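Okay, query_14.cif is below, mmCIF, C-alpha atoms:
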data_run
#
loop_
_atom_site.label_atom_id
_atom_site.label_comp_id
_atom_site.auth_asym_id
_atom_site.auth_seq_id
_atom_site.Cartn_x
_atom_site.Cartn_y
_atom_site.Cartn_z
CA MET A 116 -27.77 33.29 -5.20
CA LEU A 117 -24.94 32.86 -2.75
CA LEU A 118 -25.13 29.98 -0.31
CA THR A 119 -23.55 30.06 3.11
CA ARG A 120 -21.10 27.42 4.21
CA SER A 121 -23.81 25.96 6.44
CA ALA A 122 -26.20 25.72 3.50
CA TRP A 123 -23.59 23.91 1.39
CA LEU A 124 -22.96 21.56 4.31
CA ARG A 125 -26.66 20.76 4.50
CA ILE A 126 -26.82 20.03 0.77
CA VAL A 127 -23.80 17.75 0.98
CA CYS A 128 -25.18 15.94 4.04
CA SER A 129 -28.61 15.55 2.44
CA THR A 130 -27.02 14.11 -0.68
CA ALA A 131 -25.02 11.67 1.43
CA ILE A 132 -28.16 10.59 3.29
CA CYS A 133 -30.04 10.11 0.03
CA CYS A 134 -27.21 7.97 -1.31
CA THR A 135 -27.29 5.84 1.83
CA ALA A 136 -31.07 5.59 1.65
CA ALA A 137 -30.78 4.34 -1.88
CA GLN A 138 -28.66 1.45 -0.59
CA SER A 139 -30.81 0.59 2.39
CA PRO A 140 -33.45 -1.61 0.70
CA SER A 141 -30.85 -4.16 -0.31
CA GLN A 142 -29.40 -4.01 3.18
CA SER A 143 -32.78 -4.58 4.78
CA LEU A 144 -33.49 -7.49 2.47
CA GLN A 145 -30.25 -9.27 3.14
CA ALA A 146 -30.20 -12.35 5.30
CA GLN A 147 -30.50 -11.96 9.04
CA PHE A 148 -26.74 -12.02 9.42
CA SER A 149 -23.89 -10.21 7.75
CA ASP A 150 -22.78 -11.64 4.45
CA PRO A 151 -20.26 -14.33 5.45
CA ALA A 152 -17.96 -13.27 2.63
CA LYS A 153 -17.87 -9.73 3.97
CA SER A 154 -18.11 -10.00 7.75
CA ASP A 155 -14.35 -9.55 8.04
CA ARG A 156 -14.64 -6.08 6.54
CA LEU A 157 -14.24 -2.99 8.62
CA PRO A 158 -17.40 -0.92 9.17
CA LEU A 159 -17.79 2.34 7.28
CA LYS A 160 -17.90 5.50 9.32
CA GLN A 161 -21.07 7.52 9.35
CA GLU A 162 -22.80 9.93 11.68
CA ALA A 163 -25.78 8.18 13.28
CA VAL A 164 -27.88 11.12 14.45
CA GLN A 165 -28.13 14.50 12.77
CA TYR A 166 -29.59 17.59 14.42
CA LEU A 167 -32.00 19.23 12.01
CA TYR A 168 -33.49 22.41 13.51
CA PRO A 169 -34.07 25.01 14.92
CA GLU A 170 -30.64 26.65 14.70
CA GLN A 171 -31.83 29.76 16.50
CA ILE A 172 -34.45 30.26 19.20
CA THR A 173 -35.74 33.53 20.63
CA ALA A 174 -37.36 33.11 24.04
CA PRO A 175 -38.69 35.53 26.66
CA ALA A 176 -35.88 35.98 29.18
CA GLY A 177 -36.55 34.29 32.51
CA LYS A 178 -39.71 32.54 31.33
CA SER A 179 -40.05 28.83 30.71
CA THR A 180 -40.57 28.40 26.97
CA ALA A 181 -41.52 25.37 24.89
CA VAL A 182 -39.21 24.42 22.03
CA VAL A 183 -39.19 21.40 19.77
CA LEU A 184 -35.83 20.02 18.68
CA HIS A 185 -35.78 17.87 15.57
CA PHE A 186 -33.31 15.07 14.90
CA ARG A 187 -32.79 12.47 12.17
CA VAL A 188 -31.41 8.95 12.55
CA ALA A 189 -29.40 7.81 9.54
CA PRO A 190 -31.08 5.24 7.28
CA GLY A 191 -30.46 1.66 8.33
CA LEU A 192 -29.73 2.63 11.94
CA HIS A 193 -31.84 2.86 15.07
CA VAL A 194 -31.15 4.39 18.48
CA ASN A 195 -32.69 3.36 21.77
CA SER A 196 -35.69 5.46 22.75
CA HIS A 197 -35.66 7.39 26.02
CA SER A 198 -37.32 4.37 27.64
CA PRO A 199 -35.63 1.22 26.35
CA LYS A 200 -37.12 -2.08 27.42
CA ASP A 201 -33.89 -3.43 28.89
CA GLU A 202 -32.06 -1.66 31.70
CA SER A 203 -28.69 -2.45 30.14
CA LEU A 204 -29.53 -0.40 27.06
CA ILE A 205 -28.54 3.25 26.92
CA PRO A 206 -31.49 5.67 26.60
CA THR A 207 -31.46 8.68 24.30
CA ALA A 208 -31.29 11.75 26.51
CA LEU A 209 -30.95 15.51 26.05
CA SER A 210 -29.11 17.79 28.45
CA ILE A 211 -27.90 21.37 28.60
CA PRO A 212 -24.68 22.07 30.49
CA ALA A 213 -24.90 24.28 33.56
CA GLU A 214 -23.59 27.83 33.19
CA SER A 215 -24.65 27.98 29.55
CA GLY A 216 -27.17 30.73 30.28
CA VAL A 217 -30.05 28.42 29.46
CA LYS A 218 -31.69 25.90 31.77
CA LEU A 219 -33.44 22.78 30.56
CA ASP A 220 -36.61 22.70 32.68
CA ALA A 221 -38.05 19.54 31.20
CA ALA A 222 -37.84 17.29 28.18
CA THR A 223 -40.60 15.14 26.77
CA TYR A 224 -39.43 12.37 24.49
CA PRO A 225 -41.43 10.61 21.80
CA GLN A 226 -42.57 7.08 22.43
CA GLY A 227 -40.27 4.55 20.82
CA THR A 228 -41.44 2.21 18.13
CA ASP A 229 -41.11 -1.54 18.54
CA PHE A 230 -38.17 -2.99 16.68
CA THR A 231 -37.10 -6.60 16.32
CA LEU A 232 -33.69 -7.76 15.22
CA PRO A 233 -34.01 -10.33 12.42
CA ALA A 234 -31.60 -12.58 14.30
CA ASP A 235 -33.71 -12.39 17.47
CA PRO A 236 -37.39 -12.26 16.52
CA GLU A 237 -38.55 -12.92 20.08
CA SER A 238 -37.11 -9.73 21.59
CA LYS A 239 -38.63 -6.31 21.07
CA LEU A 240 -36.67 -3.10 21.38
CA SER A 241 -38.03 0.42 21.79
CA VAL A 242 -36.20 2.61 19.29
CA TYR A 243 -36.20 5.78 17.22
CA THR A 244 -35.67 5.56 13.49
CA GLY A 245 -35.90 8.27 10.86
CA ASP A 246 -36.96 11.67 12.19
CA PHE A 247 -37.84 12.25 15.83
CA ALA A 248 -38.45 15.35 17.94
CA ILE A 249 -37.84 16.17 21.59
CA GLN A 250 -40.21 18.66 23.18
CA ALA A 251 -38.25 20.69 25.67
CA ARG A 252 -38.98 23.56 28.03
CA ILE A 253 -36.10 25.98 28.50
CA THR A 254 -35.53 29.14 30.50
CA ALA A 255 -33.01 31.55 29.00
CA ALA A 256 -31.19 34.34 30.80
CA PRO A 257 -31.17 37.70 28.99
CA GLY A 258 -28.70 37.88 26.11
CA ASP A 259 -27.33 35.71 23.33
CA HIS A 260 -26.24 32.21 24.24
CA LEU A 261 -24.50 29.80 21.88
CA VAL A 262 -25.63 26.71 23.75
CA GLU A 263 -23.88 23.39 23.32
CA ALA A 264 -26.69 21.02 24.28
CA LYS A 265 -25.82 17.34 24.53
CA LEU A 266 -27.64 14.40 23.03
CA ARG A 267 -26.60 11.06 24.48
CA TYR A 268 -27.51 8.06 22.36
CA GLN A 269 -26.40 4.63 21.30
CA ALA A 270 -27.00 3.38 17.77
CA CYS A 271 -27.14 -0.02 16.13
CA ASP A 272 -28.02 -1.46 12.77
CA GLN A 273 -29.35 -4.97 12.27
CA GLN A 274 -26.04 -6.71 12.89
CA GLN A 275 -23.90 -4.50 15.08
CA CYS A 276 -23.88 -1.71 17.62
CA MET A 277 -21.80 1.42 17.78
CA PRO A 278 -20.33 2.78 21.01
CA PRO A 279 -22.55 5.24 22.88
CA LYS A 280 -22.00 8.86 21.91
CA THR A 281 -22.64 12.24 23.42
CA ALA A 282 -23.10 14.59 20.50
CA THR A 283 -23.10 18.35 20.83
CA VAL A 284 -26.17 20.16 19.51
CA ALA A 285 -25.33 23.79 18.84
CA ILE A 286 -28.29 26.16 19.23
CA ASP A 287 -28.22 29.93 19.24
CA ILE A 288 -30.67 30.92 21.99
CA ILE A 289 -31.57 34.56 22.48
CA GLY A 290 -33.23 35.59 25.73
CA LYS A 291 -35.17 38.84 25.24
CA MET B 135 -31.63 71.01 -2.17
CA LYS B 136 -27.95 70.41 -1.62
CA ARG B 137 -28.55 70.11 2.12
CA ASN B 138 -31.32 67.53 1.55
CA THR B 139 -29.00 65.51 -0.60
CA ILE B 140 -26.35 65.49 2.11
CA VAL B 141 -28.89 64.46 4.78
CA LEU B 142 -30.22 61.73 2.52
CA GLY B 143 -26.69 60.51 1.86
CA ILE B 144 -25.84 60.41 5.54
CA THR B 145 -29.12 58.60 6.31
CA LEU B 146 -28.42 56.01 3.64
CA PHE B 147 -24.87 55.62 4.93
CA VAL B 148 -26.11 55.04 8.51
CA LEU B 149 -28.75 52.57 7.30
CA ALA B 150 -26.11 50.72 5.31
CA GLY B 151 -23.98 50.63 8.43
CA PHE B 152 -26.83 49.08 10.44
CA ALA B 153 -27.46 46.54 7.70
CA TRP B 154 -23.79 45.60 7.56
CA ALA B 155 -23.60 45.28 11.35
CA GLY B 156 -26.64 43.02 11.41
CA TRP B 157 -25.30 40.84 8.64
CA ALA B 158 -21.85 40.66 10.28
CA ASN B 159 -23.42 39.68 13.60
CA PHE B 160 -25.52 36.99 11.92
CA GLU B 161 -22.50 35.59 10.08
CA TYR B 162 -20.39 35.64 13.24
CA ARG B 163 -22.98 33.61 15.13
CA ARG B 164 -23.46 31.20 12.24
CA GLN B 165 -19.74 30.63 11.84
CA ALA B 166 -19.35 30.12 15.60
CA ALA B 167 -22.13 27.53 15.48
CA ASP B 168 -20.50 25.84 12.48
CA LYS B 169 -17.18 25.68 14.31
CA VAL B 170 -18.81 24.06 17.32
CA MET B 171 -20.62 21.54 15.13
CA ALA B 172 -17.47 20.74 13.17
CA ALA B 173 -15.44 20.31 16.33
CA THR B 174 -17.94 18.24 18.24
CA MET B 175 -19.85 16.19 15.68
CA PRO B 176 -17.20 14.62 13.44
CA PRO B 177 -18.20 11.56 11.45
CA GLU B 178 -18.09 9.19 14.36
CA LEU B 179 -20.38 6.27 14.02
CA VAL B 180 -20.58 3.39 11.68
CA ILE B 181 -23.04 1.53 9.55
CA GLY B 182 -22.97 -1.80 7.82
CA GLY B 183 -19.92 -4.02 8.18
CA ASP B 184 -20.09 -5.21 4.62
CA ASP B 185 -18.48 -2.56 2.51
CA GLY B 186 -15.42 -1.37 4.37
CA PRO B 187 -11.85 -2.41 3.68
CA PRO B 188 -10.50 -5.66 5.12
CA SER B 189 -9.06 -5.39 8.61
CA PRO B 190 -5.37 -4.42 8.41
CA LEU B 191 -4.79 -6.83 11.27
CA LEU B 192 -5.61 -9.84 9.11
CA ASN B 193 -2.60 -12.20 8.77
CA LYS B 194 -0.64 -10.08 11.25
CA PRO B 195 0.44 -10.98 14.79
CA ALA B 196 -2.31 -10.23 17.31
CA PRO B 197 -1.38 -7.12 19.33
CA SER B 198 -0.29 -8.17 22.81
CA PHE B 199 -2.22 -7.00 25.85
CA THR B 200 -2.61 -7.50 29.56
CA LEU B 201 -6.00 -6.78 31.13
CA GLN B 202 -7.73 -7.58 34.40
CA ASP B 203 -10.51 -10.08 34.80
CA LEU B 204 -13.51 -9.47 37.05
CA ASN B 205 -11.52 -10.63 40.09
CA GLY B 206 -8.68 -8.22 39.40
CA LYS B 207 -6.35 -10.94 38.13
CA LYS B 208 -4.08 -9.90 35.26
CA VAL B 209 -4.54 -11.89 32.09
CA SER B 210 -2.29 -11.59 29.04
CA LEU B 211 -2.78 -12.84 25.51
CA ALA B 212 0.72 -14.31 25.87
CA ASP B 213 -0.65 -16.64 28.59
CA TYR B 214 -2.41 -18.54 25.81
CA LYS B 215 0.62 -19.09 23.61
CA GLY B 216 0.21 -22.34 21.72
CA LYS B 217 -3.60 -22.16 21.77
CA ALA B 218 -6.01 -20.90 19.16
CA VAL B 219 -7.77 -17.91 20.71
CA LEU B 220 -10.94 -16.06 19.82
CA ILE B 221 -10.63 -12.48 21.08
CA ASN B 222 -14.23 -11.33 21.35
CA PHE B 223 -14.92 -7.67 22.13
CA TRP B 224 -18.42 -7.07 23.47
CA ALA B 225 -20.42 -4.62 25.58
CA THR B 226 -23.34 -4.85 27.98
CA TRP B 227 -25.35 -2.39 25.85
CA CYS B 228 -24.87 -4.44 22.69
CA GLY B 229 -27.90 -6.51 21.68
CA PRO B 230 -26.13 -8.55 18.97
CA CYS B 231 -23.44 -9.45 21.55
CA LYS B 232 -26.14 -11.04 23.71
CA LEU B 233 -27.27 -13.09 20.76
CA GLU B 234 -23.89 -14.52 19.86
CA THR B 235 -22.59 -15.18 23.39
CA PRO B 236 -24.53 -18.46 23.96
CA TRP B 237 -23.06 -19.75 20.70
CA LEU B 238 -19.57 -18.80 21.86
CA VAL B 239 -20.15 -20.65 25.13
CA GLU B 240 -21.20 -23.79 23.23
CA LEU B 241 -18.36 -23.58 20.72
CA ARG B 242 -15.80 -23.07 23.45
CA GLN B 243 -16.99 -26.27 25.15
CA GLN B 244 -16.91 -28.09 21.84
CA TYR B 245 -13.39 -27.05 20.83
CA ALA B 246 -11.62 -26.57 24.18
CA SER B 247 -10.11 -30.03 24.06
CA LYS B 248 -8.45 -29.19 20.75
CA GLY B 249 -6.59 -26.27 22.25
CA PHE B 250 -9.13 -23.47 21.77
CA GLU B 251 -9.96 -20.64 24.18
CA ILE B 252 -12.08 -17.50 24.12
CA LEU B 253 -11.17 -14.21 25.75
CA GLY B 254 -14.32 -12.13 26.19
CA ILE B 255 -13.25 -8.52 26.50
CA SER B 256 -15.79 -5.99 27.67
CA SER B 257 -15.49 -2.58 26.01
CA GLU B 258 -18.11 -0.29 27.46
CA ALA B 259 -16.77 2.88 25.77
CA ASP B 260 -17.77 5.06 28.71
CA ASN B 261 -14.42 6.86 28.96
CA LEU B 262 -13.93 6.23 32.67
CA THR B 263 -10.87 7.75 34.28
CA ASP B 264 -8.62 5.60 36.45
CA ASP B 265 -9.78 7.31 39.64
CA ASP B 266 -13.52 6.95 38.92
CA LYS B 267 -14.09 4.18 41.45
CA ASP B 268 -17.87 4.43 41.37
CA GLY B 269 -17.89 4.26 37.58
CA TRP B 270 -15.66 1.19 37.50
CA ALA B 271 -17.67 -0.50 40.24
CA LYS B 272 -20.88 0.09 38.28
CA ASP B 273 -19.24 -1.20 35.10
CA LYS B 274 -17.93 -4.31 36.84
CA ALA B 275 -21.34 -5.04 38.34
CA ALA B 276 -23.04 -4.79 34.94
CA ILE B 277 -20.35 -6.90 33.25
CA SER B 278 -20.48 -9.50 36.01
CA LYS B 279 -24.26 -9.70 35.74
CA PHE B 280 -24.05 -10.15 31.97
CA ALA B 281 -21.38 -12.85 32.33
CA GLN B 282 -23.46 -14.75 34.87
CA GLN B 283 -26.67 -14.50 32.87
CA GLN B 284 -24.87 -15.73 29.75
CA HIS B 285 -22.96 -18.49 31.61
CA MET B 286 -19.66 -17.22 30.22
CA GLN B 287 -17.21 -19.81 31.53
CA TYR B 288 -14.27 -18.42 29.61
CA PRO B 289 -12.09 -15.52 30.85
CA VAL B 290 -14.00 -12.23 30.93
CA LEU B 291 -11.70 -9.21 30.86
CA ILE B 292 -12.53 -5.56 31.41
CA ASN B 293 -11.39 -2.23 30.00
CA GLY B 294 -11.08 -3.37 26.41
CA ASP B 295 -11.22 0.30 25.49
CA SER B 296 -7.61 0.62 26.63
CA ILE B 297 -6.52 -1.63 23.74
CA ALA B 298 -9.13 -0.48 21.22
CA LYS B 299 -6.60 1.50 19.21
CA ASP B 300 -4.36 -1.55 18.79
CA TYR B 301 -7.33 -3.50 17.49
CA GLY B 302 -8.43 -1.01 14.87
CA GLY B 303 -10.60 1.29 16.99
CA LEU B 304 -13.46 -1.09 17.74
CA ASP B 305 -15.99 1.08 15.95
CA ALA B 306 -18.68 -1.56 16.23
CA MET B 307 -19.66 -4.42 18.52
CA PRO B 308 -19.32 -7.32 18.53
CA SER B 309 -15.81 -7.43 17.05
CA SER B 310 -13.89 -10.69 16.97
CA PHE B 311 -10.35 -11.67 16.06
CA TYR B 312 -9.44 -15.32 15.51
CA VAL B 313 -5.84 -16.03 16.48
CA ASP B 314 -4.02 -19.24 15.59
CA ARG B 315 -1.51 -21.04 17.80
CA ASN B 316 1.30 -18.96 16.36
CA GLY B 317 -0.37 -15.73 17.44
CA ILE B 318 -1.45 -14.73 13.93
CA ILE B 319 -4.92 -13.26 13.28
CA VAL B 320 -6.32 -15.57 10.62
CA ALA B 321 -9.89 -14.22 10.54
CA THR B 322 -11.85 -11.24 11.82
CA GLN B 323 -15.53 -10.46 12.26
CA THR B 324 -17.53 -7.31 12.80
CA GLY B 325 -21.19 -7.61 13.75
CA ILE B 326 -23.20 -10.71 14.41
CA VAL B 327 -22.82 -13.63 12.02
CA SER B 328 -24.30 -17.11 12.07
CA LYS B 329 -23.05 -19.72 14.51
CA ASP B 330 -21.87 -21.76 11.53
CA GLU B 331 -19.68 -18.93 10.34
CA ILE B 332 -18.15 -18.48 13.79
CA GLU B 333 -17.47 -22.19 13.95
CA GLY B 334 -15.91 -22.10 10.48
CA LYS B 335 -13.51 -19.38 11.58
CA ILE B 336 -12.60 -21.29 14.73
CA GLN B 337 -11.87 -24.33 12.60
CA LYS B 338 -9.81 -22.17 10.27
CA SER B 339 -7.64 -20.96 13.14
CA LEU B 340 -7.11 -24.53 14.32
CA ALA B 341 -6.62 -25.99 10.85
CA LYS B 342 -4.15 -23.37 9.69
CA THR B 343 -2.10 -23.95 12.80
CA THR B 344 -2.14 -27.68 12.19
CA ALA B 345 -0.96 -27.19 8.64
CA GLN B 346 1.84 -24.89 9.76
CA ALA B 347 2.80 -27.21 12.59
CA GLY B 348 3.07 -30.08 10.15
CA LYS B 349 5.58 -28.28 7.93
#
Take the structure from the file and write it as structure tokens.
Amino acid sequence: MLLTRSAWLRIVCSTAICCTAAQSPSQSLQAQFSDPAKSDRLPLKQEAVQYLYPEQITAPAGKSTAVVLHFRVAPGLHVNSHSPKDESLIPTALSIPAESGVKLDAATYPQGTDFTLPADPESKLSVYTGDFAIQARITAAPGDHLVEAKLRYQACDQQQCMPPKTATVAIDIIGK
Amino acid sequence: MKRNTIVLGITLFVLAGFAWAGWANFEYRRQAADKVMAATMPPELVIGGDDGPPSPLLNKPAPSFTLQDLNGKKVSLADYKGKAVLINFWATWCGPCKLETPWLVELRQQYASKGFEILGISSEADNLTDDDKDGWAKDKAAISKFAQQQHMQYPVLINGDSIAKDYGGLDAMPSSFYVDRNGIIVATQTGIVSKDEIEGKIQKSLAKTTAQAGK
């Protein structure tokens, strides 16, 4: 059976995630700080949030329609929820650019789970880890729209934080 | 019979044409989506500071820079020639940065008399343009609030993103570079470490300088 390029990409990504997951227990069991012998090492690059599905949505044109968008946070990382407990933290947020043929009417975000950094047991963060889903309502104009939705997030692991990112989420939305 | 065969053949040909058109349309959309994903979601973030290669800046001269502090005053690394300097990149959205800053404040007080200084460089990574006055004002307010809450009595500089490339990209916060009196980076640090380890690296920058000065 022939596999499309997208399917191969998924297999490769899944394999990479599994490999990382296999390493995570030792990472989570390490001391509350980076290994002193290794803290002068550069961080390895990895995508923090992966869009899972759906790739294609068919919605009644001109009518507000519910869709659920699924994402996955890489093992060992967390991102702030949509309602972080500190105003200085950057919330995870979905948007759809204007003039894309599809309007984001509303987005309902999952509640974050409490997370405590080992180095700061007194502070609780509200984060997403693993898989999470955003329930959105969209209104599509008639026709096919390759929408480049945006997911703004900021990820950390237990010792460090990565710069905030605005990732593009490509969804084929057909208004019929 | 012959006519039926021709009609059947034409029908099959038309159906095959429809099938091909549908498949081609599906592939076109899929490839377009793949192109967008490839162009906009490159491997971008980082995990775990423990397994990457050593910083290429180690044992090299610290890249020079001139940045503004919160009052608009220009501050250069060269202004601290002859001192051991900890260049500490941080951000207001960085939880681990909040944890280590009180330690930096204490260590700066402890080692200042020996010729040690810290430059706290905020790197918000929000890609502000030079003419975005509102954006910069908001950034400055958040940085100023952080600095006051953390009692940062050492120079706090802004727009560290403008020198990120020189310092290896700053893919994670906090990122620290320990510079000896000769301007050489003698230790680096990515992510939060213990206060003892920070102090050890400060001592290393001072001790190495002493050894070199004694030669």
(request) With a distance cut-off of 12 Å and all atoms listed in the file, select the neighbouring residues of A:Asp201, excluding the residue or stretch itself and same-chain residues fewer than 3 positions from it, and output the selection as a PyMOL selection string. (result) (chain A and resi 195-198+204-206+238-242) or (chain B and resi 226-229)
Using the chain letters and numbering of this document, enumerate as a tab-separated table (two decimals) with C-alpha atoms, keeping the file's coordinate frame the residues selected by the PyMOL selection byres ((chain A and resi 256) around 6).
chain	number	residue	atom	x	y	z
A	176	ALA	CA	-35.88	35.98	29.18
A	177	GLY	CA	-36.55	34.29	32.51
A	216	GLY	CA	-27.17	30.73	30.28
A	255	ALA	CA	-33.01	31.55	29.00
A	257	PRO	CA	-31.17	37.70	28.99
A	290	GLY	CA	-33.23	35.59	25.73
Selection: 6 Å around stretch 305-322 of chain B, only C-alpha atoms, excl. self and same-chain fewer than 5 positions, as a compact mmCIF listing (two decimals) with C-alpha atoms, in the coordinates of the input:
# COMPACT_ATOMS: atom_id res chain seq x y z
CA ASP A 155 -14.35 -9.55 8.04
CA GLN A 275 -23.90 -4.50 15.08
CA CYS A 276 -23.88 -1.71 17.62
CA MET A 277 -21.80 1.42 17.78
CA LEU B 192 -5.61 -9.84 9.11
CA ASN B 193 -2.60 -12.20 8.77
CA LYS B 194 -0.64 -10.08 11.25
CA PRO B 195 0.44 -10.98 14.79
CA ALA B 196 -2.31 -10.23 17.31
CA GLY B 216 0.21 -22.34 21.72
CA LYS B 217 -3.60 -22.16 21.77
CA ALA B 218 -6.01 -20.90 19.16
CA VAL B 219 -7.77 -17.91 20.71
CA LEU B 220 -10.94 -16.06 19.82
CA ILE B 221 -10.63 -12.48 21.08
CA ASN B 222 -14.23 -11.33 21.35
CA PHE B 223 -14.92 -7.67 22.13
CA TRP B 224 -18.42 -7.07 23.47
CA CYS B 231 -23.44 -9.45 21.55
CA SER B 339 -7.64 -20.96 13.14
CA THR B 343 -2.10 -23.95 12.80
(request) Please identify all polymer residues within 12 Å of B:Asp295, counting all atoms listed in the file, omitting same-chain residues fewer than 4 positions from it, and present them as a list in words. (result)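 Everything that qualifies: Pro278 of chain A; Phe199, Leu201, Phe223, Trp224, Ala225, Ile255, Ser256, Ser257, Glu258, Ala259, Asp260, Asn261, Leu262, Thr263, Leu291, Lys299, Asp300, Tyr301, Gly302, Gly303, Leu304, Asp305 and Met307 of chain B.
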(request) Quick one: pull the distance between atom CA of B:Lys272 and atom CA of A:Ser203, Å, one decimal. (result) 11.6 Å
(request) Apply the PyMOL selection byres ((chain A and resi 219-226) around 8) to the displayed file and report the matching residues as a PyMOL selection string. (result) chain A and resi 179+196-198+209-211+217-218+227-228+247-254
Residues from the last selection, C-alpha atoms, saved as an mmCIF file, in the frame of the given file:
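Output saved as part_4.cif:
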data_model
loop_
_atom_site.group_PDB
_atom_site.id
_atom_site.type_symbol
_atom_site.label_atom_id
_atom_site.label_comp_id
_atom_site.auth_asym_id
_atom_site.auth_seq_id
_atom_site.Cartn_x
_atom_site.Cartn_y
_atom_site.Cartn_z
ATOM 1 C CA SER A 179 -40.050 28.830 30.710
ATOM 2 C CA SER A 196 -35.690 5.460 22.750
ATOM 3 C CA HIS A 197 -35.660 7.390 26.020
ATOM 4 C CA SER A 198 -37.320 4.370 27.640
ATOM 5 C CA LEU A 209 -30.950 15.510 26.050
ATOM 6 C CA SER A 210 -29.110 17.790 28.450
ATOM 7 C CA ILE A 211 -27.900 21.370 28.600
ATOM 8 C CA VAL A 217 -30.050 28.420 29.460
ATOM 9 C CA LYS A 218 -31.690 25.900 31.770
ATOM 10 C CA GLY A 227 -40.270 4.550 20.820
ATOM 11 C CA THR A 228 -41.440 2.210 18.130
ATOM 12 C CA PHE A 247 -37.840 12.250 15.830
ATOM 13 C CA ALA A 248 -38.450 15.350 17.940
ATOM 14 C CA ILE A 249 -37.840 16.170 21.590
ATOM 15 C CA GLN A 250 -40.210 18.660 23.180
ATOM 16 C CA ALA A 251 -38.250 20.690 25.670
ATOM 17 C CA ARG A 252 -38.980 23.560 28.030
ATOM 18 C CA ILE A 253 -36.100 25.980 28.500
ATOM 19 C CA THR A 254 -35.530 29.140 30.500
#
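Among the candidates B:Ser189, B:Gln287, B:Thr145, B:Gln244, the one nearest to chain A when counting all atoms listed in the file is B:Ser189.
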(request) Convert the output of the PyMOL selection byres ((chain B and resi 253) around 6) on the shown file into explicit residues, formatted as a list in words. (result)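 Checking the PyMOL selection byres ((chain B and resi 253) around 6) against this file, the residues are Ile221, Ile252, Gly254 and Pro289 of chain B.
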(message) Just to confirm, what's the straight-line distance from atom CA of B:Val290 to atom CA of B:Leu233 in Å (one decimal)?
(response) 16.7 Å
(request) Rounded to one decimal place, report the atom CA of B:Ser247-atom CA of B:Glu234 distance in Å. (result) 21.2 Å
(request) Tell me which protein, DNA and RNA residues are within 9 Å of A:Thr244, counting only C-alpha atoms, leaving out same-chain ones fewer than 3 positions away, and put them as number ranges by chain. (result) A: 187-194, 227-228, 247
Output file for the residues above (C-alpha atoms, as an mmCIF file, in the frame of the given file):
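Generated output (selection-v9.cif):
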data_model
loop_
_atom_site.group_PDB
_atom_site.id
_atom_site.type_symbol
_atom_site.label_atom_id
_atom_site.label_comp_id
_atom_site.auth_asym_id
_atom_site.auth_seq_id
_atom_site.Cartn_x
_atom_site.Cartn_y
_atom_site.Cartn_z
ATOM 1 C CA ARG A 187 -32.790 12.470 12.170
ATOM 2 C CA VAL A 188 -31.410 8.950 12.550
ATOM 3 C CA ALA A 189 -29.400 7.810 9.540
ATOM 4 C CA PRO A 190 -31.080 5.240 7.280
ATOM 5 C CA GLY A 191 -30.460 1.660 8.330
ATOM 6 C CA LEU A 192 -29.730 2.630 11.940
ATOM 7 C CA HIS A 193 -31.840 2.860 15.070
ATOM 8 C CA VAL A 194 -31.150 4.390 18.480
ATOM 9 C CA GLY A 227 -40.270 4.550 20.820
ATOM 10 C CA THR A 228 -41.440 2.210 18.130
ATOM 11 C CA PHE A 247 -37.840 12.250 15.830
#
(request) Determine, counting all atoms listed in the file, every residue of protein, DNA or RNA that lies within 12 Å of (-25.8, -21.4, 19.7) in the file coordinates, then give the result as a ChimeraX atom specification. (result) /A:234 /B:232-244,284,327-333
(request) Go through A:Pro212, A:Ile288, A:Asp235, A:Arg267 and flag the residue nearest chain B, using only C-alpha atoms for the distances. (result)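 For chain B, the nearest of the candidates is A:Asp235.
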(message) When you count all atoms listed in the file, which of these residues is closest to chain A: B:Asn205, B:Leu340, B:Glu161, B:Tyr245?
(response)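 For chain A, the nearest of the given residues is B:Glu161.
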Put the listed atoms of stretch 222-226 of chain B in a box along x, y and z with 8 Å added on every side and give me the centre and edge lengths in Å to one decimal, as AutoDock Vina command-line options.
--center_x -18.8 --center_y -8.0 --center_z 24.7 --size_x 25.1 --size_y 22.7 --size_z 22.6
Quick one: stretch 253-259 of chain A with N, CA and C atoms, as a compact mmCIF listing (two decimals), in the coordinates of the input?
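For reference, part-v6.txt as written:
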# COMPACT_ATOMS: atom_id res chain seq x y z
N ILE A 253 -37.36 25.35 28.10
CA ILE A 253 -36.10 25.98 28.50
C ILE A 253 -36.39 27.35 29.12
N THR A 254 -35.48 27.77 29.97
CA THR A 254 -35.53 29.14 30.50
C THR A 254 -34.19 29.80 30.20
N ALA A 255 -34.24 30.88 29.42
CA ALA A 255 -33.01 31.55 29.00
C ALA A 255 -32.79 32.83 29.81
N ALA A 256 -31.55 33.06 30.19
CA ALA A 256 -31.19 34.34 30.80
C ALA A 256 -31.15 35.40 29.69
N PRO A 257 -31.23 36.67 30.04
CA PRO A 257 -31.17 37.70 28.99
C PRO A 257 -29.85 37.63 28.23
N GLY A 258 -29.92 37.86 26.92
CA GLY A 258 -28.70 37.88 26.11
C GLY A 258 -28.64 36.74 25.10
N ASP A 259 -27.55 36.76 24.33
CA ASP A 259 -27.33 35.71 23.33
C ASP A 259 -26.51 34.58 23.93
